[in-house]
>>> print(open('work10.pdb').read())   # PDB, C-alpha atoms and all ligand atoms
ATOM      1  CA  MET A   1      62.420  80.987  76.597
ATOM      2  CA  ILE A   2      66.120  80.236  77.008
ATOM      3  CA  GLN A   3      65.462  77.761  79.791
ATOM      4  CA  ILE A   4      64.219  74.793  77.721
ATOM      5  CA  THR A   5      67.094  75.212  75.275
ATOM      6  CA  ASP A   6      69.529  75.148  78.201
ATOM      7  CA  HIS A   7      67.848  72.165  79.852
ATOM      8  CA  LEU A   8      67.990  70.237  76.596
ATOM      9  CA  ALA A   9      71.685  70.993  76.152
ATOM     10  CA  GLU A  10      72.332  69.851  79.722
ATOM     11  CA  ILE A  11      70.384  66.593  79.211
ATOM     12  CA  ARG A  12      72.336  65.871  76.015
ATOM     13  CA  ARG A  13      75.583  66.539  77.860
ATOM     14  CA  ARG A  14      74.603  64.180  80.688
ATOM     15  CA  VAL A  15      73.537  61.451  78.223
ATOM     16  CA  THR A  16      76.914  61.702  76.491
ATOM     17  CA  GLN A  17      78.726  61.583  79.848
ATOM     18  CA  ALA A  18      76.671  58.567  80.992
ATOM     19  CA  LEU A  19      77.669  56.756  77.791
ATOM     20  CA  VAL A  20      81.334  57.536  78.447
ATOM     21  CA  ASP A  21      81.004  56.341  82.059
ATOM     22  CA  ALA A  22      79.409  53.105  80.804
ATOM     23  CA  GLU A  23      82.206  52.649  78.250
ATOM     24  CA  ARG A  24      79.619  53.032  75.510
ATOM     25  CA  ALA A  25      80.989  56.248  74.004
ATOM     26  CA  GLY A  26      79.667  56.644  70.481
ATOM     27  CA  ASP A  27      76.483  54.623  71.035
ATOM     28  CA  ASP A  28      73.257  56.326  69.998
ATOM     29  CA  VAL A  29      70.655  57.103  72.626
ATOM     30  CA  MET A  30      67.322  58.401  71.411
ATOM     31  CA  ILE A  31      66.036  61.207  73.633
ATOM     32  CA  VAL A  32      62.241  61.423  73.655
ATOM     33  CA  ALA A  33      61.108  64.776  75.071
ATOM     34  CA  VAL A  34      57.981  63.970  77.094
ATOM     35  CA  SER A  35      55.714  66.958  76.538
ATOM     36  CA  LYS A  36      52.550  65.752  78.299
ATOM     37  CA  GLN A  37      50.923  68.563  80.268
ATOM     38  CA  GLN A  38      53.297  71.063  78.682
ATOM     39  CA  PRO A  39      52.150  73.866  76.353
ATOM     40  CA  VAL A  40      52.757  73.912  72.597
ATOM     41  CA  ASP A  41      55.097  76.894  72.949
ATOM     42  CA  SER A  42      57.437  74.716  74.989
ATOM     43  CA  ILE A  43      57.390  72.074  72.255
ATOM     44  CA  ARG A  44      58.192  74.775  69.700
ATOM     45  CA  GLU A  45      61.120  75.939  71.768
ATOM     46  CA  ALA A  46      62.537  72.424  72.108
ATOM     47  CA  PHE A  47      62.041  71.871  68.369
ATOM     48  CA  ALA A  48      63.922  75.102  67.631
ATOM     49  CA  ALA A  49      66.758  73.691  69.763
ATOM     50  CA  GLY A  50      66.924  70.643  67.480
ATOM     51  CA  GLN A  51      64.677  68.179  69.349
ATOM     52  CA  ARG A  52      62.561  66.037  66.984
ATOM     53  CA  ASP A  53      61.152  63.149  69.084
ATOM     54  CA  PHE A  54      58.302  64.064  71.438
ATOM     55  CA  GLY A  55      56.282  61.790  73.711
ATOM     56  CA  GLU A  56      52.709  62.152  74.937
ATOM     57  CA  SER A  57      50.593  60.043  77.294
ATOM     58  CA  TYR A  58      47.064  61.451  77.044
ATOM     59  CA  LEU A  59      45.465  61.010  73.642
ATOM     60  CA  GLN A  60      43.011  63.944  73.517
ATOM     61  CA  GLU A  61      45.648  66.356  74.738
ATOM     62  CA  ALA A  62      48.171  64.965  72.266
ATOM     63  CA  ILE A  63      45.843  65.314  69.262
ATOM     64  CA  ALA A  64      45.049  68.936  70.113
ATOM     65  CA  LYS A  65      48.755  69.750  70.313
ATOM     66  CA  GLN A  66      49.557  67.855  67.115
ATOM     67  CA  ASP A  67      46.888  69.904  65.325
ATOM     68  CA  ALA A  68      48.526  73.100  66.600
ATOM     69  CA  LEU A  69      51.980  71.946  65.463
ATOM     70  CA  LEU A  70      51.287  70.626  61.959
ATOM     71  CA  ASP A  71      53.921  73.003  60.560
ATOM     72  CA  LEU A  72      56.689  71.144  62.444
ATOM     73  CA  ASP A  73      58.138  67.817  61.293
ATOM     74  CA  ILE A  74      57.849  66.064  64.664
ATOM     75  CA  CYS A  75      58.260  62.347  65.332
ATOM     76  CA  TRP A  76      55.465  61.539  67.823
ATOM     77  CA  HIS A  77      55.721  58.772  70.441
ATOM     78  CA  PHE A  78      52.694  57.503  72.363
ATOM     79  CA  LEU A  79      53.616  56.456  75.906
ATOM     80  CA  GLY A  80      50.320  56.146  77.754
ATOM     81  CA  ARG A  81      47.815  53.490  78.624
ATOM     82  CA  ILE A  82      45.912  52.369  75.496
ATOM     83  CA  GLN A  83      42.152  51.914  75.532
ATOM     84  CA  ALA A  84      40.899  49.617  72.786
ATOM     85  CA  ASN A  85      38.353  52.174  71.559
ATOM     86  CA  LYS A  86      41.107  54.811  71.108
ATOM     87  CA  THR A  87      43.526  52.859  68.935
ATOM     88  CA  ARG A  88      42.517  54.433  65.613
ATOM     89  CA  LEU A  89      43.831  57.890  66.460
ATOM     90  CA  ILE A  90      47.045  56.386  67.809
ATOM     91  CA  ALA A  91      47.514  54.357  64.610
ATOM     92  CA  GLU A  92      46.837  57.427  62.464
ATOM     93  CA  ARG A  93      48.710  60.121  64.366
ATOM     94  CA  PHE A  94      51.839  58.584  65.916
ATOM     95  CA  ASP A  95      55.134  57.195  64.644
ATOM     96  CA  TRP A  96      55.990  55.100  67.711
ATOM     97  CA  VAL A  97      53.993  53.414  70.477
ATOM     98  CA  HIS A  98      55.947  52.410  73.613
ATOM     99  CA  SER A  99      53.044  50.971  75.571
ATOM    100  CA  VAL A 100      51.668  47.977  73.655
ATOM    101  CA  ASP A 101      50.691  45.380  76.250
ATOM    102  CA  ARG A 102      48.237  42.979  74.645
ATOM    103  CA  ALA A 103      47.625  41.224  71.336
ATOM    104  CA  ARG A 104      44.179  42.742  70.911
ATOM    105  CA  ILE A 105      45.668  46.244  70.979
ATOM    106  CA  ALA A 106      48.455  45.231  68.593
ATOM    107  CA  LYS A 107      45.907  43.818  66.139
ATOM    108  CA  ARG A 108      43.768  46.942  66.225
ATOM    109  CA  LEU A 109      46.787  49.220  65.716
ATOM    110  CA  ASN A 110      47.848  47.052  62.773
ATOM    111  CA  ASP A 111      44.415  47.026  61.166
ATOM    112  CA  GLN A 112      43.984  50.781  61.638
ATOM    113  CA  ARG A 113      47.442  51.893  60.506
ATOM    114  CA  PRO A 114      46.886  53.808  57.241
ATOM    115  CA  GLU A 115      48.501  52.258  54.156
ATOM    116  CA  SER A 116      49.868  55.693  53.257
ATOM    117  CA  LEU A 117      52.114  55.663  56.336
ATOM    118  CA  ALA A 118      55.164  53.560  57.172
ATOM    119  CA  PRO A 119      54.533  50.646  59.542
ATOM    120  CA  LEU A 120      54.009  51.799  63.135
ATOM    121  CA  ASN A 121      57.087  51.322  65.361
ATOM    122  CA  VAL A 122      56.045  49.468  68.504
ATOM    123  CA  LEU A 123      57.603  48.475  71.797
ATOM    124  CA  VAL A 124      56.251  45.882  74.202
ATOM    125  CA  GLN A 125      55.704  47.455  77.620
ATOM    126  CA  VAL A 126      56.859  45.169  80.429
ATOM    127  CA  ASN A 127      55.419  45.603  83.926
ATOM    128  CA  GLN A 128      58.417  44.311  85.855
ATOM    129  CA  GLY A 129      57.034  44.924  89.316
ATOM    130  CA  ASP A 130      53.638  43.350  88.533
ATOM    131  CA  GLU A 131      51.985  46.569  89.692
ATOM    132  CA  LEU A 132      48.227  46.436  89.251
ATOM    133  CA  GLN A 133      47.884  50.101  88.291
ATOM    134  CA  LYS A 134      50.514  49.884  85.565
ATOM    135  CA  SER A 135      50.196  48.687  81.953
ATOM    136  CA  GLY A 136      52.507  46.031  80.623
ATOM    137  CA  VAL A 137      52.970  42.294  80.288
ATOM    138  CA  GLY A 138      54.899  40.182  82.784
ATOM    139  CA  GLU A 139      58.482  39.423  81.871
ATOM    140  CA  ASN A 140      57.591  35.853  80.900
ATOM    141  CA  GLU A 141      54.768  37.022  78.591
ATOM    142  CA  ALA A 142      56.895  39.410  76.549
ATOM    143  CA  GLU A 143      58.083  36.774  74.081
ATOM    144  CA  ALA A 144      54.557  35.710  73.078
ATOM    145  CA  LEU A 145      53.398  39.283  72.518
ATOM    146  CA  ALA A 146      56.581  40.145  70.628
ATOM    147  CA  ARG A 147      56.064  37.111  68.347
ATOM    148  CA  TYR A 148      52.463  38.127  67.733
ATOM    149  CA  ILE A 149      53.525  41.656  66.773
ATOM    150  CA  THR A 150      55.898  40.262  64.135
ATOM    151  CA  THR A 151      52.896  38.629  62.429
ATOM    152  CA  GLN A 152      51.266  42.048  61.938
ATOM    153  CA  PRO A 153      52.451  43.603  58.658
ATOM    154  CA  ARG A 154      51.538  47.202  59.519
ATOM    155  CA  LEU A 155      53.541  47.067  62.766
ATOM    156  CA  ARG A 156      57.308  47.104  63.126
ATOM    157  CA  LEU A 157      58.519  45.533  66.361
ATOM    158  CA  ARG A 158      61.397  47.589  67.801
ATOM    159  CA  GLY A 159      61.949  46.443  71.385
ATOM    160  CA  LEU A 160      60.904  46.754  75.005
ATOM    161  CA  MET A 161      59.832  49.547  77.357
ATOM    162  CA  SER A 162      59.561  49.570  81.138
ATOM    163  CA  ILE A 163      58.948  51.973  84.008
ATOM    164  CA  PRO A 164      60.449  50.656  87.255
ATOM    165  CA  PRO A 165      58.090  50.225  90.224
ATOM    166  CA  ALA A 166      57.203  53.374  92.133
ATOM    167  CA  GLY A 167      59.460  53.821  95.140
ATOM    168  CA  ALA A 168      62.347  51.696  93.835
ATOM    169  CA  ASN A 169      65.723  52.988  95.033
ATOM    170  CA  PRO A 170      68.637  53.459  92.612
ATOM    171  CA  ALA A 171      70.067  49.977  93.257
ATOM    172  CA  GLU A 172      66.660  48.386  92.693
ATOM    173  CA  LYS A 173      66.125  50.446  89.536
ATOM    174  CA  SER A 174      69.501  49.328  88.267
ATOM    175  CA  GLY A 175      68.391  45.728  88.813
ATOM    176  CA  PHE A 176      65.107  46.209  86.920
ATOM    177  CA  PHE A 177      66.850  48.032  84.066
ATOM    178  CA  SER A 178      69.523  45.338  83.750
ATOM    179  CA  ARG A 179      66.882  42.620  83.723
ATOM    180  CA  LEU A 180      64.979  44.368  80.938
ATOM    181  CA  PHE A 181      68.175  44.783  78.945
ATOM    182  CA  ARG A 182      68.945  41.066  79.313
ATOM    183  CA  LEU A 183      65.387  40.130  78.331
ATOM    184  CA  ARG A 184      65.781  42.263  75.201
ATOM    185  CA  GLY A 185      69.017  40.411  74.453
ATOM    186  CA  SER A 186      67.496  36.970  74.847
ATOM    187  CA  LEU A 187      64.486  37.827  72.638
ATOM    188  CA  SER A 188      66.838  39.332  70.104
ATOM    189  CA  GLY A 189      68.810  36.069  70.200
ATOM    190  CA  MET A 190      65.596  34.268  69.206
ATOM    191  CA  GLY A 191      65.463  36.379  66.059
ATOM    192  CA  LEU A 192      62.884  38.895  67.258
ATOM    193  CA  PRO A 193      63.684  42.466  66.122
ATOM    194  CA  MET A 194      64.628  44.308  69.308
ATOM    195  CA  ASP A 195      66.953  47.213  68.629
ATOM    196  CA  ILE A 196      65.405  49.546  71.236
ATOM    197  CA  CYS A 197      65.470  49.346  75.023
ATOM    198  CA  SER A 198      63.286  52.264  76.244
ATOM    199  CA  ILE A 199      64.223  52.786  79.887
ATOM    200  CA  GLY A 200      65.148  55.870  81.896
ATOM    201  CA  MET A 201      63.338  59.090  82.779
ATOM    202  CA  SER A 202      64.443  62.450  84.246
ATOM    203  CA  GLY A 203      65.343  61.016  87.642
ATOM    204  CA  ASP A 204      67.107  57.848  86.573
ATOM    205  CA  PHE A 205      68.306  57.999  82.963
ATOM    206  CA  GLU A 206      71.983  57.716  83.886
ATOM    207  CA  ILE A 207      71.273  54.479  85.771
ATOM    208  CA  ALA A 208      69.341  53.236  82.735
ATOM    209  CA  ILE A 209      72.147  54.092  80.323
ATOM    210  CA  ALA A 210      74.621  52.263  82.585
ATOM    211  CA  ALA A 211      72.309  49.232  82.268
ATOM    212  CA  GLY A 212      72.131  49.420  78.455
ATOM    213  CA  SER A 213      69.313  51.833  77.612
ATOM    214  CA  ASN A 214      69.333  53.346  74.135
ATOM    215  CA  CYS A 215      66.088  55.332  74.485
ATOM    216  CA  VAL A 216      65.381  57.695  77.381
ATOM    217  CA  ARG A 217      62.086  59.496  77.951
ATOM    218  CA  ILE A 218      62.684  62.873  79.597
ATOM    219  CA  GLY A 219      59.860  65.190  80.696
ATOM    220  CA  THR A 220      60.518  67.448  83.671
ATOM    221  CA  GLY A 221      64.268  67.442  83.046
ATOM    222  CA  ILE A 222      63.636  69.315  79.794
ATOM    223  CA  PHE A 223      60.387  71.204  80.349
ATOM    224  CA  GLY A 224      60.247  71.696  84.128
ATOM    225  CA  PRO A 225      57.251  70.791  86.288
ATOM    226  CA  ARG A 226      54.114  69.638  84.479
ATOM    227  CA  GLY A 227      50.849  71.553  84.464
ATOM    228  CA  SER A 228      52.138  74.443  86.549
ATOM    229  CA  ALA A 229      50.196  77.709  86.451
ATOM    230  CA  ALA A 230      52.693  79.121  83.965
ATOM    231  CA  ASN A 231      51.654  76.425  81.478
ATOM    232  CA  ARG A 232      47.964  77.245  81.409
TER     233      ARG A 232
HETATM  234  C1  LIG B   1      55.681  61.131  82.141
HETATM  235  C2  LIG B   1      56.474  60.033  81.584
HETATM  236  C3  LIG B   1      57.854  60.158  81.390
HETATM  237  C4  LIG B   1      58.651  61.397  81.779
HETATM  238  O1  LIG B   1      58.810  61.486  83.158
HETATM  239  P1  LIG B   1      59.816  62.589  83.806
HETATM  240  O2  LIG B   1      60.062  62.063  85.167
HETATM  241  O3  LIG B   1      59.090  63.877  83.773
HETATM  242  O4  LIG B   1      61.029  62.610  82.962
HETATM  243  C5  LIG B   1      58.524  59.098  80.810
HETATM  244  N1  LIG B   1      57.886  57.970  80.444
HETATM  245  C6  LIG B   1      56.561  57.819  80.609
HETATM  246  C7  LIG B   1      55.911  56.544  80.177
HETATM  247  C8  LIG B   1      55.816  58.823  81.195
HETATM  248  O5  LIG B   1      54.501  58.639  81.383
END
>>> encode(input="work10.pdb", output="structure tokens", more="lines below")
Ligand SMILES: *Cc1c(COP(=O)(O)O)cnc(C)c1O
Amino acid sequence: MIQITDHLAEIRRRVTQALVDAERAGDDVMIVAVSKQQPVDSIREAFAAGQRDFGESYLQEAIAKQDALLDLDICWHFLGRIQANKTRLIAERFDWVHSVDRARIAKRLNDQRPESLAPLNVLVQVNQGDELQKSGVGENEAEALARYITTQPRLRLRGLMSIPPAGANPAEKSGFFSRLFRLRGSLSGMGLPMDICSIGMSGDFEIAIAAGSNCVRIGTGIFGPRGSAANR
């Protein structure tokens, strides 16, 4: 049980150090603990260690875990691919969505967001490597989708998210992260609300923070390997 608590402390320490190294000491970085394919007991342990933001990628799995954790005041982030026929549960059960990649999905999330809840925080996912298997708009389509989201009253545009192409080396990742950070800056300069740059995972969050990230999504670095026998 002590392991997750220790991992979390180590990740927080490394985030703080990366900020110092980037001469950004004092900046806030949101740490989203990515709990996909991890058991509810692990989420409880991280919560007990002070973690409040948790990310999930698979809707059915996420809903089952949310139902088992209703006693905890968790801020839930949806990170996965969004099917149009699954938007209602995302709109009803999550606080943030990092993976909005088309206007049709944005409209459905808006229309299905319950009036009793605050507007849904959304990020535009950018597919920087134009990988076919990955969600996300191209870099030059991000502005149009971001503008559309600002017309939707039940959505609150917060920024951009990206996952660098599979197989990118650290220098290439640094380039993708810096480009996303600059894109966020130019859209922000156009008056679009863009306070969040969601880049960086267990293997590359220090590179992302050096490039300007203020939201890292950490799975294995906190919880260990996903879906191992010990988790079933
Ligand atoms: C799984 C996942 C993560 C976490 O990945 P780790 O390498 O385990 O930290 C982060 N972001 C997204 C979108 C994911 O799907």
>>> resolve_selection(input="work10.pdb", expression="the PyMOL selection byres (((chain A and resi 81) around 9) and not hetatm)", output="list in words")
Ser57, Tyr58, Phe78, Leu79, Gly80, Ile82, Gln83, Ser99, Val100, Asp101, Lys134 and Ser135 of chain A
>>> residues_around(input="work10.pdb", residues="A:Ile207", least_positions_apart="3", cutoff="9 Å", atoms="only C-alpha atoms", output="list in words")
Ala18, Pro170, Ala171, Lys173, Ser174, Phe177, Gly200, Asp204, Ala210, Ala211, Gly212 and Ser213 of chain A
>>> closest_residue(input="work10.pdb", among="A:Asp71, A:Trp76, A:Val29, A:Pro114", to="A:Arg88", atoms="all atoms listed in the file")
A:Pro114
>>> axis_aligned_box(input="work10.pdb", around="stretch 104-116 of chain A", padding_each_side="4 Å", output="lines of an AutoDock Vina configuration file")
center_x = 46.8
center_y = 49.2
center_z = 62.1
size_x = 14.1
size_y = 21.0
size_z = 25.7
>>> closest_atom_pairs(input="work10.pdb", of="chain A", to="ligand LIG 1 (chain B)", cutoff="6 Å", atoms="all atoms listed in the file", output="JSON lines")
{"residue": "A:Val34", "atom": "CA", "partner": "B:LIG1", "partner_atom": "C4", "distance": 5.4}
{"residue": "A:Ser57", "atom": "CA", "partner": "B:LIG1", "partner_atom": "O5", "distance": 5.8}
{"residue": "A:Leu79", "atom": "CA", "partner": "B:LIG1", "partner_atom": "C7", "distance": 4.8}
{"residue": "A:Met201", "atom": "CA", "partner": "B:LIG1", "partner_atom": "O4", "distance": 4.2}
{"residue": "A:Ser202", "atom": "CA", "partner": "B:LIG1", "partner_atom": "O4", "distance": 3.7}
{"residue": "A:Gly203", "atom": "CA", "partner": "B:LIG1", "partner_atom": "O2", "distance": 5.9}
{"residue": "A:Arg217", "atom": "CA", "partner": "B:LIG1", "partner_atom": "C5", "distance": 4.6}
{"residue": "A:Ile218", "atom": "CA", "partner": "B:LIG1", "partner_atom": "O4", "distance": 3.8}
{"residue": "A:Gly219", "atom": "CA", "partner": "B:LIG1", "partner_atom": "O3", "distance": 3.4}
{"residue": "A:Thr220", "atom": "CA", "partner": "B:LIG1", "partner_atom": "O3", "distance": 3.8}
{"residue": "A:Gly221", "atom": "CA", "partner": "B:LIG1", "partner_atom": "O4", "distance": 5.8}
>>> residues_around(input="work10.pdb", residues="A:Glu143", least_positions_apart="3", cutoff="12 Å", atoms="all atoms listed in the file", output="MDAnalysis selection string")
chainID A and resid 101:103 123:126 137:140 146:150 157 159:160 183:194
>>> atom_distance(input="work10.pdb", atom1="atom CA of A:Phe205", atom2="atom CA of A:Ile11")
9.6 Å
>>> atom_distance(input="work10.pdb", atom1="atom CA of A:Arg156", atom2="atom CA of A:Glu92")
14.7 Å
>>> atom_distance(input="work10.pdb", atom1="atom CA of A:Arg113", atom2="atom CA of A:Gln152")
10.7 Å
>>> residues_near_point(input="work10.pdb", point="(52.1, 67.4, 78.0)", cutoff="12 Å", atoms="all atoms listed in the file", output="VMD selection string")
chain A and resid 33 to 43 54 to 66 78 to 80 218 to 220 222 to 228 231 to 232
>>> resolve_selection(input="work10.pdb", expression="the PyMOL selection byres (((chain A and resi 84) around 8) and not hetatm)", output="list in words")
Ile82, Gln83, Asn85, Lys86, Thr87, Arg104, Ile105 and Arg108 of chain A
>>> residues_near_point(input="work10.pdb", point="(63.2, 64.5, 66.5)", cutoff="9 Å", atoms="only C-alpha atoms", output="PyMOL selection string")
chain A and resi 30-33+47+50-54+73-76
>>> resolve_selection(input="work10.pdb", expression="the PyMOL selection byres (((chain A and resi 118) around 12) and not hetatm)", output="ChimeraX atom specification")
/A:91-96,110,113-117,119-121,153-156
>>> write_last_selection(input="work10.pdb", atoms="C-alpha atoms", output="mmCIF file, in the frame of the given file")
data_model
loop_
_atom_site.group_PDB
_atom_site.id
_atom_site.type_symbol
_atom_site.label_atom_id
_atom_site.label_comp_id
_atom_site.auth_asym_id
_atom_site.auth_seq_id
_atom_site.Cartn_x
_atom_site.Cartn_y
_atom_site.Cartn_z
ATOM 1 C CA ALA A 91 47.514 54.357 64.610
ATOM 2 C CA GLU A 92 46.837 57.427 62.464
ATOM 3 C CA ARG A 93 48.710 60.121 64.366
ATOM 4 C CA PHE A 94 51.839 58.584 65.916
ATOM 5 C CA ASP A 95 55.134 57.195 64.644
ATOM 6 C CA TRP A 96 55.990 55.100 67.711
ATOM 7 C CA ASN A 110 47.848 47.052 62.773
ATOM 8 C CA ARG A 113 47.442 51.893 60.506
ATOM 9 C CA PRO A 114 46.886 53.808 57.241
ATOM 10 C CA GLU A 115 48.501 52.258 54.156
ATOM 11 C CA SER A 116 49.868 55.693 53.257
ATOM 12 C CA LEU A 117 52.114 55.663 56.336
ATOM 13 C CA PRO A 119 54.533 50.646 59.542
ATOM 14 C CA LEU A 120 54.009 51.799 63.135
ATOM 15 C CA ASN A 121 57.087 51.322 65.361
ATOM 16 C CA PRO A 153 52.451 43.603 58.658
ATOM 17 C CA ARG A 154 51.538 47.202 59.519
ATOM 18 C CA LEU A 155 53.541 47.067 62.766
ATOM 19 C CA ARG A 156 57.308 47.104 63.126
#
>>> closest_residue(input="work10.pdb", among="A:Leu89, A:Ala144, A:Thr151, A:His77", to="A:Lys107", atoms="all atoms listed in the file")
A:Thr151
>>> closest_residue(input="work10.pdb", among="A:Ala68, A:Asp28, A:Ala49, A:Gln17", to="A:Asp195", atoms="only C-alpha atoms")
A:Asp28
>>> closest_residue(input="work10.pdb", among="A:Asp67, A:Ala142, A:Ala48, A:Ser178", to="A:Thr5", atoms="all atoms listed in the file")
A:Ala48
>>> closest_residue(input="work10.pdb", among="A:Val122, A:Ala9, A:Ile209, A:Leu109", to="A:Asp21", atoms="all atoms listed in the file")
A:Ile209
>>> residues_around(input="work10.pdb", residues="A:Pro164", least_positions_apart="4", cutoff="8 Å", atoms="all atoms listed in the file", output="list in words")
Asn127, Gln128, Gly129, Ala168, Lys173, Phe176 and Phe177 of chain A
>>> closest_residue(input="work10.pdb", among="A:Ala46, A:Ile199, A:Ala166, A:Ala25", to="A:Asp6", atoms="only C-alpha atoms")
A:Ala46
>>> build_atoms(input="work10.pdb", residues="stretch 129-147 of chain A", atoms="N, CA, C and O atoms", output="short mmCIF file (atom, residue, chain, number, x, y, z; two decimals), in the coordinates of the input")
data_model
loop_
_atom_site.label_atom_id
_atom_site.label_comp_id
_atom_site.auth_asym_id
_atom_site.auth_seq_id
_atom_site.Cartn_x
_atom_site.Cartn_y
_atom_site.Cartn_z
N GLY A 129 57.37 45.06 87.90
CA GLY A 129 57.03 44.92 89.32
C GLY A 129 55.66 44.33 89.54
O GLY A 129 55.18 44.28 90.67
N ASP A 130 55.01 43.89 88.45
CA ASP A 130 53.64 43.35 88.53
C ASP A 130 52.71 44.29 89.30
O ASP A 130 51.91 43.86 90.11
N GLU A 131 52.85 45.60 89.02
CA GLU A 131 51.98 46.57 89.69
C GLU A 131 50.62 46.61 89.01
O GLU A 131 50.53 46.74 87.79
N LEU A 132 49.58 46.52 89.81
CA LEU A 132 48.23 46.44 89.25
C LEU A 132 47.84 47.68 88.47
O LEU A 132 47.13 47.60 87.47
N GLN A 133 48.31 48.85 88.93
CA GLN A 133 47.88 50.10 88.29
C GLN A 133 48.67 50.40 87.02
O GLN A 133 48.38 51.38 86.34
N LYS A 134 49.65 49.57 86.69
CA LYS A 134 50.51 49.88 85.56
C LYS A 134 50.23 48.96 84.38
O LYS A 134 49.97 47.77 84.57
N SER A 135 50.33 49.51 83.16
CA SER A 135 50.20 48.69 81.95
C SER A 135 51.43 47.81 81.81
O SER A 135 52.46 48.06 82.43
N GLY A 136 51.33 46.82 80.94
CA GLY A 136 52.51 46.03 80.62
C GLY A 136 52.29 44.55 80.87
O GLY A 136 51.52 44.15 81.73
N VAL A 137 53.01 43.75 80.10
CA VAL A 137 52.97 42.29 80.29
C VAL A 137 54.01 41.90 81.33
O VAL A 137 54.96 42.64 81.59
N GLY A 138 53.86 40.72 81.91
CA GLY A 138 54.90 40.18 82.78
C GLY A 138 56.11 39.82 81.95
O GLY A 138 56.02 39.63 80.73
N GLU A 139 57.25 39.71 82.61
CA GLU A 139 58.48 39.42 81.87
C GLU A 139 58.37 38.13 81.07
O GLU A 139 58.88 38.03 79.96
N ASN A 140 57.67 37.13 81.62
CA ASN A 140 57.59 35.85 80.90
C ASN A 140 56.49 35.83 79.82
O ASN A 140 56.32 34.82 79.14
N GLU A 141 55.78 36.93 79.67
CA GLU A 141 54.77 37.02 78.59
C GLU A 141 55.25 37.86 77.42
O GLU A 141 54.57 37.96 76.39
N ALA A 142 56.42 38.48 77.58
CA ALA A 142 56.90 39.41 76.55
C ALA A 142 57.18 38.69 75.23
O ALA A 142 56.89 39.22 74.15
N GLU A 143 57.73 37.49 75.31
CA GLU A 143 58.08 36.77 74.08
C GLU A 143 56.84 36.51 73.22
O GLU A 143 56.85 36.74 72.01
N ALA A 144 55.77 36.04 73.85
CA ALA A 144 54.56 35.71 73.08
C ALA A 144 54.00 36.95 72.40
O ALA A 144 53.61 36.91 71.22
N LEU A 145 53.95 38.06 73.13
CA LEU A 145 53.40 39.28 72.52
C LEU A 145 54.33 39.78 71.41
O LEU A 145 53.86 40.21 70.34
N ALA A 146 55.63 39.71 71.66
CA ALA A 146 56.58 40.15 70.63
C ALA A 146 56.41 39.31 69.36
O ALA A 146 56.38 39.84 68.24
N ARG A 147 56.26 37.98 69.52
CA ARG A 147 56.06 37.11 68.35
C ARG A 147 54.78 37.48 67.61
O ARG A 147 54.74 37.52 66.38
#
